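S.K.: The file below is model06.pdb, PDB, N, CA and C atoms:
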```
ATOM      1  N   THR A   1     104.391 111.610 110.146
ATOM      2  CA  THR A   1     105.747 112.025 110.447
ATOM      3  C   THR A   1     106.594 111.893 109.184
ATOM      4  N   SER A   2     107.399 112.895 108.927
ATOM      5  CA  SER A   2     108.245 112.882 107.743
ATOM      6  C   SER A   2     109.636 112.345 108.082
ATOM      7  N   HIS A   3     110.139 111.444 107.233
ATOM      8  CA  HIS A   3     111.500 110.905 107.382
ATOM      9  C   HIS A   3     112.433 111.544 106.372
ATOM     10  N   GLU A   4     111.843 112.011 105.276
ATOM     11  CA  GLU A   4     112.557 112.696 104.207
ATOM     12  C   GLU A   4     111.710 113.898 103.814
ATOM     13  N   GLU A   5     112.313 114.886 103.190
ATOM     14  CA  GLU A   5     111.518 116.029 102.754
ATOM     15  C   GLU A   5     110.465 115.557 101.748
ATOM     16  N   THR A   6     109.245 116.005 101.944
ATOM     17  CA  THR A   6     108.158 115.644 101.038
ATOM     18  C   THR A   6     107.085 116.717 101.052
ATOM     19  N   TRP A   7     106.274 116.714 100.019
ATOM     20  CA  TRP A   7     105.129 117.620  99.983
ATOM     21  C   TRP A   7     103.865 116.788  99.965
ATOM     22  N   LEU A   8     102.806 117.382 100.488
ATOM     23  CA  LEU A   8     101.500 116.732 100.550
ATOM     24  C   LEU A   8     100.433 117.695 100.061
ATOM     25  N   LYS A   9      99.475 117.174  99.345
ATOM     26  CA  LYS A   9      98.262 117.923  99.027
ATOM     27  C   LYS A   9      97.142 117.149  99.702
ATOM     28  N   VAL A  10      96.401 117.819 100.571
ATOM     29  CA  VAL A  10      95.412 117.157 101.409
ATOM     30  C   VAL A  10      94.024 117.747 101.173
ATOM     31  N   ILE A  11      93.054 116.861 100.980
ATOM     32  CA  ILE A  11      91.648 117.257 100.982
ATOM     33  C   ILE A  11      91.006 116.499 102.137
ATOM     34  N   ALA A  12      90.474 117.232 103.110
ATOM     35  CA  ALA A  12      89.782 116.638 104.248
ATOM     36  C   ALA A  12      88.288 116.878 104.072
ATOM     37  N   ASP A  13      87.505 115.788 104.071
ATOM     38  CA  ASP A  13      86.070 115.872 103.810
ATOM     39  C   ASP A  13      85.868 116.578 102.468
ATOM     40  N   ASP A  14      85.045 117.617 102.406
ATOM     41  CA  ASP A  14      84.812 118.335 101.154
ATOM     42  C   ASP A  14      85.468 119.711 101.169
ATOM     43  N   ALA A  15      86.443 119.894 102.040
ATOM     44  CA  ALA A  15      87.107 121.192 102.172
ATOM     45  C   ALA A  15      88.062 121.438 101.005
ATOM     46  N   ARG A  16      88.488 122.675 100.881
ATOM     47  CA  ARG A  16      89.454 123.063  99.859
ATOM     48  C   ARG A  16      90.793 122.362 100.139
ATOM     49  N   ALA A  17      91.487 121.988  99.097
ATOM     50  CA  ALA A  17      92.788 121.320  99.231
ATOM     51  C   ALA A  17      93.804 122.262  99.877
ATOM     52  N   THR A  18      94.654 121.678 100.714
ATOM     53  CA  THR A  18      95.766 122.421 101.306
ATOM     54  C   THR A  18      97.054 121.716 100.919
ATOM     55  N   GLU A  19      98.140 122.491 100.810
ATOM     56  CA  GLU A  19      99.440 121.917 100.463
ATOM     57  C   GLU A  19     100.419 122.165 101.590
ATOM     58  N   HIS A  20     101.278 121.177 101.827
ATOM     59  CA  HIS A  20     102.231 121.241 102.934
ATOM     60  C   HIS A  20     103.570 120.685 102.468
ATOM     61  N   THR A  21     104.651 121.277 102.911
ATOM     62  CA  THR A  21     105.988 120.733 102.691
ATOM     63  C   THR A  21     106.564 120.395 104.060
ATOM     64  N   LEU A  22     106.952 119.139 104.239
ATOM     65  CA  LEU A  22     107.485 118.682 105.519
ATOM     66  C   LEU A  22     108.963 118.362 105.389
ATOM     67  N   LYS A  23     109.714 118.777 106.366
ATOM     68  CA  LYS A  23     111.132 118.436 106.462
ATOM     69  C   LYS A  23     111.265 117.225 107.383
ATOM     70  N   PRO A  24     112.373 116.494 107.328
ATOM     71  CA  PRO A  24     112.537 115.322 108.182
ATOM     72  C   PRO A  24     112.279 115.658 109.651
ATOM     73  N   GLY A  25     111.475 114.807 110.304
ATOM     74  CA  GLY A  25     111.152 114.982 111.717
ATOM     75  C   GLY A  25     109.899 115.794 111.973
ATOM     76  N   GLU A  26     109.385 116.485 110.947
ATOM     77  CA  GLU A  26     108.179 117.290 111.139
ATOM     78  C   GLU A  26     106.933 116.407 111.101
ATOM     79  N   LYS A  27     105.920 116.841 111.867
ATOM     80  CA  LYS A  27     104.633 116.135 111.909
ATOM     81  C   LYS A  27     103.530 117.083 111.477
ATOM     82  N   LEU A  28     102.480 116.506 110.924
ATOM     83  CA  LEU A  28     101.308 117.263 110.515
ATOM     84  C   LEU A  28     100.097 116.528 111.059
ATOM     85  N   ASN A  29      99.307 117.190 111.902
ATOM     86  CA  ASN A  29      98.096 116.594 112.461
ATOM     87  C   ASN A  29      96.892 117.242 111.812
ATOM     88  N   LEU A  30      96.015 116.406 111.257
ATOM     89  CA  LEU A  30      94.826 116.889 110.565
ATOM     90  C   LEU A  30      93.593 116.160 111.083
ATOM     91  N   LYS A  31      92.444 116.821 110.980
ATOM     92  CA  LYS A  31      91.183 116.209 111.394
ATOM     93  C   LYS A  31      90.184 116.253 110.250
ATOM     94  N   ALA A  32      89.371 115.196 110.174
ATOM     95  CA  ALA A  32      88.298 115.125 109.194
ATOM     96  C   ALA A  32      87.163 114.308 109.790
ATOM     97  N   ALA A  33      85.955 114.590 109.346
ATOM     98  CA  ALA A  33      84.792 113.849 109.832
ATOM     99  C   ALA A  33      84.606 112.532 109.072
ATOM    100  N   THR A  34      84.863 112.550 107.749
ATOM    101  CA  THR A  34      84.572 111.352 106.964
ATOM    102  C   THR A  34      85.738 110.797 106.155
ATOM    103  N   MET A  35      86.576 111.656 105.568
ATOM    104  CA  MET A  35      87.635 111.116 104.709
ATOM    105  C   MET A  35      88.760 112.104 104.467
ATOM    106  N   PHE A  36      89.885 111.531 104.065
ATOM    107  CA  PHE A  36      91.048 112.291 103.599
ATOM    108  C   PHE A  36      91.412 111.789 102.216
ATOM    109  N   ASN A  37      91.843 112.691 101.352
ATOM    110  CA  ASN A  37      92.471 112.323 100.101
ATOM    111  C   ASN A  37      93.859 112.944 100.158
ATOM    112  N   LEU A  38      94.896 112.109 100.077
ATOM    113  CA  LEU A  38      96.278 112.571 100.188
ATOM    114  C   LEU A  38      97.011 112.350  98.875
ATOM    115  N   LEU A  39      97.630 113.395  98.362
ATOM    116  CA  LEU A  39      98.570 113.267  97.259
ATOM    117  C   LEU A  39      99.935 113.475  97.893
ATOM    118  N   ILE A  40     100.730 112.415  97.916
ATOM    119  CA  ILE A  40     102.004 112.417  98.630
ATOM    120  C   ILE A  40     103.127 112.461  97.604
ATOM    121  N   GLY A  41     103.998 113.446  97.724
ATOM    122  CA  GLY A  41     105.062 113.636  96.751
ATOM    123  C   GLY A  41     106.280 112.771  96.961
ATOM    124  N   ASN A  42     106.352 112.058  98.081
ATOM    125  CA  ASN A  42     107.491 111.187  98.376
ATOM    126  C   ASN A  42     106.964 110.055  99.248
ATOM    127  N   ALA A  43     106.428 109.020  98.607
ATOM    128  CA  ALA A  43     105.727 107.948  99.316
ATOM    129  C   ALA A  43     106.568 107.291 100.408
ATOM    130  N   GLY A  44     107.856 107.135 100.169
ATOM    131  CA  GLY A  44     108.716 106.489 101.159
ATOM    132  C   GLY A  44     109.211 107.434 102.232
ATOM    133  N   GLY A  45     108.861 108.702 102.132
ATOM    134  CA  GLY A  45     109.387 109.697 103.057
ATOM    135  C   GLY A  45     108.500 110.025 104.241
ATOM    136  N   VAL A  46     107.314 109.392 104.315
ATOM    137  CA  VAL A  46     106.392 109.716 105.405
ATOM    138  C   VAL A  46     105.806 108.464 106.035
ATOM    139  N   THR A  47     105.417 108.596 107.298
ATOM    140  CA  THR A  47     104.627 107.596 107.993
ATOM    141  C   THR A  47     103.272 108.233 108.262
ATOM    142  N   VAL A  48     102.195 107.541 107.883
ATOM    143  CA  VAL A  48     100.847 108.067 108.061
ATOM    144  C   VAL A  48     100.122 107.226 109.101
ATOM    145  N   LEU A  49      99.487 107.911 110.045
ATOM    146  CA  LEU A  49      98.644 107.247 111.040
ATOM    147  C   LEU A  49      97.220 107.756 110.867
ATOM    148  N   LEU A  50      96.255 106.858 110.979
ATOM    149  CA  LEU A  50      94.841 107.220 110.972
ATOM    150  C   LEU A  50      94.251 106.686 112.266
ATOM    151  N   ASN A  51      93.790 107.585 113.122
ATOM    152  CA  ASN A  51      93.287 107.200 114.454
ATOM    153  C   ASN A  51      94.331 106.396 115.219
ATOM    154  N   ASP A  52      95.571 106.859 115.183
ATOM    155  CA  ASP A  52      96.717 106.258 115.870
ATOM    156  C   ASP A  52      97.115 104.881 115.350
ATOM    157  N   GLU A  53      96.583 104.473 114.204
ATOM    158  CA  GLU A  53      96.953 103.200 113.593
ATOM    159  C   GLU A  53      97.740 103.467 112.314
ATOM    160  N   PRO A  54      98.854 102.744 112.090
ATOM    161  CA  PRO A  54      99.648 102.970 110.873
ATOM    162  C   PRO A  54      98.873 102.605 109.609
ATOM    163  N   VAL A  55      99.093 103.406 108.570
ATOM    164  CA  VAL A  55      98.484 103.179 107.259
ATOM    165  C   VAL A  55      99.596 102.810 106.287
ATOM    166  N   THR A  56      99.397 101.739 105.529
ATOM    167  CA  THR A  56     100.380 101.336 104.525
ATOM    168  C   THR A  56     100.280 102.279 103.329
ATOM    169  N   ILE A  57     101.390 102.918 103.013
ATOM    170  CA  ILE A  57     101.459 103.804 101.854
ATOM    171  C   ILE A  57     102.219 103.068 100.759
ATOM    172  N   PRO A  58     101.558 102.805  99.618
ATOM    173  CA  PRO A  58     102.256 102.119  98.531
ATOM    174  C   PRO A  58     103.301 103.037  97.904
ATOM    175  N   GLY A  59     104.354 102.454  97.413
ATOM    176  CA  GLY A  59     105.367 103.245  96.718
ATOM    177  C   GLY A  59     106.646 103.367  97.512
ATOM    178  N   ASP A  60     107.651 103.888  96.847
ATOM    179  CA  ASP A  60     108.985 104.003  97.409
ATOM    180  C   ASP A  60     109.390 105.460  97.525
ATOM    181  N   SER A  61     110.562 105.675  98.072
ATOM    182  CA  SER A  61     111.103 107.019  98.206
ATOM    183  C   SER A  61     111.149 107.685  96.840
ATOM    184  N   GLY A  62     110.610 108.899  96.769
ATOM    185  CA  GLY A  62     110.607 109.669  95.532
ATOM    186  C   GLY A  62     109.382 109.459  94.667
ATOM    187  N   GLN A  63     108.551 108.456  94.952
ATOM    188  CA  GLN A  63     107.359 108.209  94.149
ATOM    189  C   GLN A  63     106.195 109.071  94.621
ATOM    190  N   VAL A  64     105.389 109.546  93.669
ATOM    191  CA  VAL A  64     104.179 110.296  93.960
ATOM    192  C   VAL A  64     103.014 109.311  93.987
ATOM    193  N   VAL A  65     102.215 109.332  95.070
ATOM    194  CA  VAL A  65     101.069 108.455  95.180
ATOM    195  C   VAL A  65      99.851 109.223  95.677
ATOM    196  N   ASN A  66      98.681 108.709  95.312
ATOM    197  CA  ASN A  66      97.428 109.261  95.796
ATOM    198  C   ASN A  66      96.763 108.206  96.686
ATOM    199  N   VAL A  67      96.351 108.597  97.893
ATOM    200  CA  VAL A  67      95.756 107.660  98.841
ATOM    201  C   VAL A  67      94.460 108.271  99.378
ATOM    202  N   GLN A  68      93.403 107.470  99.406
ATOM    203  CA  GLN A  68      92.152 107.912 100.009
ATOM    204  C   GLN A  68      91.939 107.131 101.298
ATOM    205  N   LEU A  69      91.641 107.853 102.378
ATOM    206  CA  LEU A  69      91.413 107.235 103.690
ATOM    207  C   LEU A  69      90.054 107.656 104.211
ATOM    208  N   PRO A  70      89.302 106.863 104.890
ATOM    209  CA  PRO A  70      89.567 105.442 105.080
ATOM    210  C   PRO A  70      89.286 104.653 103.829
TER     211      PRO A  70
END
```
Can you turn what I pasted into structure tokens?
M.R.:
Amino acid sequence: TSHEETWLKVIADDARATEHTLKPGEKLNLKAATMFNLLIGNAGGVTVLLNDEPVTIPGDSGQVVNVQLP
């Protein structure tokens, strides 16, 4: 869920990367069999859940971070 406008670059499993821009209040639901690699353009602007459990995203509002899940 996005709290602030942010962009994401997502790689799910070994698929081609996709890019998304989220406005506040927008949600993005994605599925993967083994892993996600997320490049988040506004670390403090999103809440990430993996299997309905919150994931801690390092960084603050406006920071770009890369996160690999799980």
S.K.: Report, in Å with one decimal, the straight-line distance from atom N of Ala15 in chain A to CA of Ser61 in chain A.
M.R.: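 Separating atom N of Ala15 in chain A from CA of Ser61 in chain A is a distance of 28.1 Å.
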S.K.: Just so the selection is clear, what residues does the PyMOL selection byres ((chain A and resi 13) around 8) cover here, as an MDAnalysis selection string?
M.R.: chainID A and resid 10:12 14:16 31:37
S.K.: Pick the closest to Leu22 in chain A from A:Pro58, A:Asp52, A:Asn42, A:Glu5: which is it, counting only N, CA and C atoms?
M.R.: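 Looking at the shortest contact to Leu22 in chain A, the residue is A:Glu5.
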S.K.: Once DSSP has gone over the backbone, tell me which residues of chain A are in strand (DSSP E), as a compact mmCIF listing (two decimals) with N, CA and C atoms, keeping the file's coordinate frame.
M.R.:
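What landed in out33.txt:
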```txt
# COMPACT_ATOMS: atom_id res chain seq x y z
N THR A 6 109.24 116.00 101.94
CA THR A 6 108.16 115.64 101.04
C THR A 6 107.08 116.72 101.05
N TRP A 7 106.27 116.71 100.02
CA TRP A 7 105.13 117.62 99.98
C TRP A 7 103.86 116.79 99.96
N LEU A 8 102.81 117.38 100.49
CA LEU A 8 101.50 116.73 100.55
C LEU A 8 100.43 117.70 100.06
N LYS A 9 99.48 117.17 99.34
CA LYS A 9 98.26 117.92 99.03
C LYS A 9 97.14 117.15 99.70
N VAL A 10 96.40 117.82 100.57
CA VAL A 10 95.41 117.16 101.41
C VAL A 10 94.02 117.75 101.17
N ILE A 11 93.05 116.86 100.98
CA ILE A 11 91.65 117.26 100.98
C ILE A 11 91.01 116.50 102.14
N ALA A 12 90.47 117.23 103.11
CA ALA A 12 89.78 116.64 104.25
C ALA A 12 88.29 116.88 104.07
N THR A 18 94.65 121.68 100.71
CA THR A 18 95.77 122.42 101.31
C THR A 18 97.05 121.72 100.92
N GLU A 19 98.14 122.49 100.81
CA GLU A 19 99.44 121.92 100.46
C GLU A 19 100.42 122.16 101.59
N HIS A 20 101.28 121.18 101.83
CA HIS A 20 102.23 121.24 102.93
C HIS A 20 103.57 120.68 102.47
N THR A 21 104.65 121.28 102.91
CA THR A 21 105.99 120.73 102.69
C THR A 21 106.56 120.40 104.06
N LEU A 22 106.95 119.14 104.24
CA LEU A 22 107.48 118.68 105.52
C LEU A 22 108.96 118.36 105.39
N PHE A 36 89.88 111.53 104.06
CA PHE A 36 91.05 112.29 103.60
C PHE A 36 91.41 111.79 102.22
N ASN A 37 91.84 112.69 101.35
CA ASN A 37 92.47 112.32 100.10
C ASN A 37 93.86 112.94 100.16
N LEU A 38 94.90 112.11 100.08
CA LEU A 38 96.28 112.57 100.19
C LEU A 38 97.01 112.35 98.88
N LEU A 39 97.63 113.40 98.36
CA LEU A 39 98.57 113.27 97.26
C LEU A 39 99.94 113.48 97.89
N ILE A 40 100.73 112.42 97.92
CA ILE A 40 102.00 112.42 98.63
C ILE A 40 103.13 112.46 97.60
N VAL A 48 102.20 107.54 107.88
CA VAL A 48 100.85 108.07 108.06
C VAL A 48 100.12 107.23 109.10
N LEU A 49 99.49 107.91 110.04
CA LEU A 49 98.64 107.25 111.04
C LEU A 49 97.22 107.76 110.87
N LEU A 50 96.26 106.86 110.98
CA LEU A 50 94.84 107.22 110.97
C LEU A 50 94.25 106.69 112.27
N GLU A 53 96.58 104.47 114.20
CA GLU A 53 96.95 103.20 113.59
C GLU A 53 97.74 103.47 112.31
N PRO A 54 98.85 102.74 112.09
CA PRO A 54 99.65 102.97 110.87
C PRO A 54 98.87 102.60 109.61
N VAL A 55 99.09 103.41 108.57
CA VAL A 55 98.48 103.18 107.26
C VAL A 55 99.60 102.81 106.29
N VAL A 65 102.22 109.33 95.07
CA VAL A 65 101.07 108.46 95.18
C VAL A 65 99.85 109.22 95.68
N ASN A 66 98.68 108.71 95.31
CA ASN A 66 97.43 109.26 95.80
C ASN A 66 96.76 108.21 96.69
N VAL A 67 96.35 108.60 97.89
CA VAL A 67 95.76 107.66 98.84
C VAL A 67 94.46 108.27 99.38
N GLN A 68 93.40 107.47 99.41
CA GLN A 68 92.15 107.91 100.01
C GLN A 68 91.94 107.13 101.30
N LEU A 69 91.64 107.85 102.38
CA LEU A 69 91.41 107.24 103.69
C LEU A 69 90.05 107.66 104.21
```
S.K.: Name the residues within 8 Å of (114.5, 109.8, 106.9), counting only C-alpha atoms in the file's coordinates, and put them as an MDAnalysis selection string.
M.R.: chainID A and resid 2:4 24:25 45
S.K.: Could you take the residues named above and write them with N, CA and C atoms, as a PDB file, in the coordinates of the input?
M.R.:
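Saved result, again.pdb, follows:
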```
ATOM      1  N   SER A   2     107.399 112.895 108.927  1.00  0.00           N
ATOM      2  CA  SER A   2     108.245 112.882 107.743  1.00  0.00           C
ATOM      3  C   SER A   2     109.636 112.345 108.082  1.00  0.00           C
ATOM      4  N   HIS A   3     110.139 111.444 107.233  1.00  0.00           N
ATOM      5  CA  HIS A   3     111.500 110.905 107.382  1.00  0.00           C
ATOM      6  C   HIS A   3     112.433 111.544 106.372  1.00  0.00           C
ATOM      7  N   GLU A   4     111.843 112.011 105.276  1.00  0.00           N
ATOM      8  CA  GLU A   4     112.557 112.696 104.207  1.00  0.00           C
ATOM      9  C   GLU A   4     111.710 113.898 103.814  1.00  0.00           C
ATOM     10  N   PRO A  24     112.373 116.494 107.328  1.00  0.00           N
ATOM     11  CA  PRO A  24     112.537 115.322 108.182  1.00  0.00           C
ATOM     12  C   PRO A  24     112.279 115.658 109.651  1.00  0.00           C
ATOM     13  N   GLY A  25     111.475 114.807 110.304  1.00  0.00           N
ATOM     14  CA  GLY A  25     111.152 114.982 111.717  1.00  0.00           C
ATOM     15  C   GLY A  25     109.899 115.794 111.973  1.00  0.00           C
ATOM     16  N   GLY A  45     108.861 108.702 102.132  1.00  0.00           N
ATOM     17  CA  GLY A  45     109.387 109.697 103.057  1.00  0.00           C
ATOM     18  C   GLY A  45     108.500 110.025 104.241  1.00  0.00           C
TER      19      GLY A  45
END
```
S.K.: Under the PyMOL selection byres (((chain A and resi 63 and name CA) around 12) and name CA), which residues of this model are included? Write them out as an MDAnalysis selection string.
M.R.: chainID A and resid 6:7 39:46 57:62 64:66
S.K.: Between CA of Glu53 in chain A and CA of Glu19 in chain A, what is the distance, to one decimal in Å?
M.R.: 23.0 Å
S.K.: One decimal, Å: what's the distance from CA of Thr21 in chain A over to CA of Lys9 in chain A, could you say?
M.R.: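 Straight-line distance from CA of Thr21 in chain A to CA of Lys9 in chain A works out to 9.0 Å.
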S.K.: Could you check which residues have any atom within 9 Å of (102.2, 114.2, 108.9), counting only C-alpha atoms with coordinates taken straight from the file, and then list them as an mmCIF file with N, CA and C atoms, in the coordinates of the input?
M.R.:
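selection19.cif, freshly written:
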```cif
data_model
loop_
_atom_site.group_PDB
_atom_site.id
_atom_site.type_symbol
_atom_site.label_atom_id
_atom_site.label_comp_id
_atom_site.auth_asym_id
_atom_site.auth_seq_id
_atom_site.Cartn_x
_atom_site.Cartn_y
_atom_site.Cartn_z
ATOM 1 N N THR A 1 104.391 111.610 110.146
ATOM 2 C CA THR A 1 105.747 112.025 110.447
ATOM 3 C C THR A 1 106.594 111.893 109.184
ATOM 4 N N SER A 2 107.399 112.895 108.927
ATOM 5 C CA SER A 2 108.245 112.882 107.743
ATOM 6 C C SER A 2 109.636 112.345 108.082
ATOM 7 N N LEU A 8 102.806 117.382 100.488
ATOM 8 C CA LEU A 8 101.500 116.732 100.550
ATOM 9 C C LEU A 8 100.433 117.695 100.061
ATOM 10 N N LEU A 22 106.952 119.139 104.239
ATOM 11 C CA LEU A 22 107.485 118.682 105.519
ATOM 12 C C LEU A 22 108.963 118.362 105.389
ATOM 13 N N GLU A 26 109.385 116.485 110.947
ATOM 14 C CA GLU A 26 108.179 117.290 111.139
ATOM 15 C C GLU A 26 106.933 116.407 111.101
ATOM 16 N N LYS A 27 105.920 116.841 111.867
ATOM 17 C CA LYS A 27 104.633 116.135 111.909
ATOM 18 C C LYS A 27 103.530 117.083 111.477
ATOM 19 N N LEU A 28 102.480 116.506 110.924
ATOM 20 C CA LEU A 28 101.308 117.263 110.515
ATOM 21 C C LEU A 28 100.097 116.528 111.059
ATOM 22 N N ASN A 29 99.307 117.190 111.902
ATOM 23 C CA ASN A 29 98.096 116.594 112.461
ATOM 24 C C ASN A 29 96.892 117.242 111.812
ATOM 25 N N LEU A 30 96.015 116.406 111.257
ATOM 26 C CA LEU A 30 94.826 116.889 110.565
ATOM 27 C C LEU A 30 93.593 116.160 111.083
ATOM 28 N N VAL A 46 107.314 109.392 104.315
ATOM 29 C CA VAL A 46 106.392 109.716 105.405
ATOM 30 C C VAL A 46 105.806 108.464 106.035
ATOM 31 N N THR A 47 105.417 108.596 107.298
ATOM 32 C CA THR A 47 104.627 107.596 107.993
ATOM 33 C C THR A 47 103.272 108.233 108.262
ATOM 34 N N VAL A 48 102.195 107.541 107.883
ATOM 35 C CA VAL A 48 100.847 108.067 108.061
ATOM 36 C C VAL A 48 100.122 107.226 109.101
ATOM 37 N N LEU A 49 99.487 107.911 110.045
ATOM 38 C CA LEU A 49 98.644 107.247 111.040
ATOM 39 C C LEU A 49 97.220 107.756 110.867
#
```
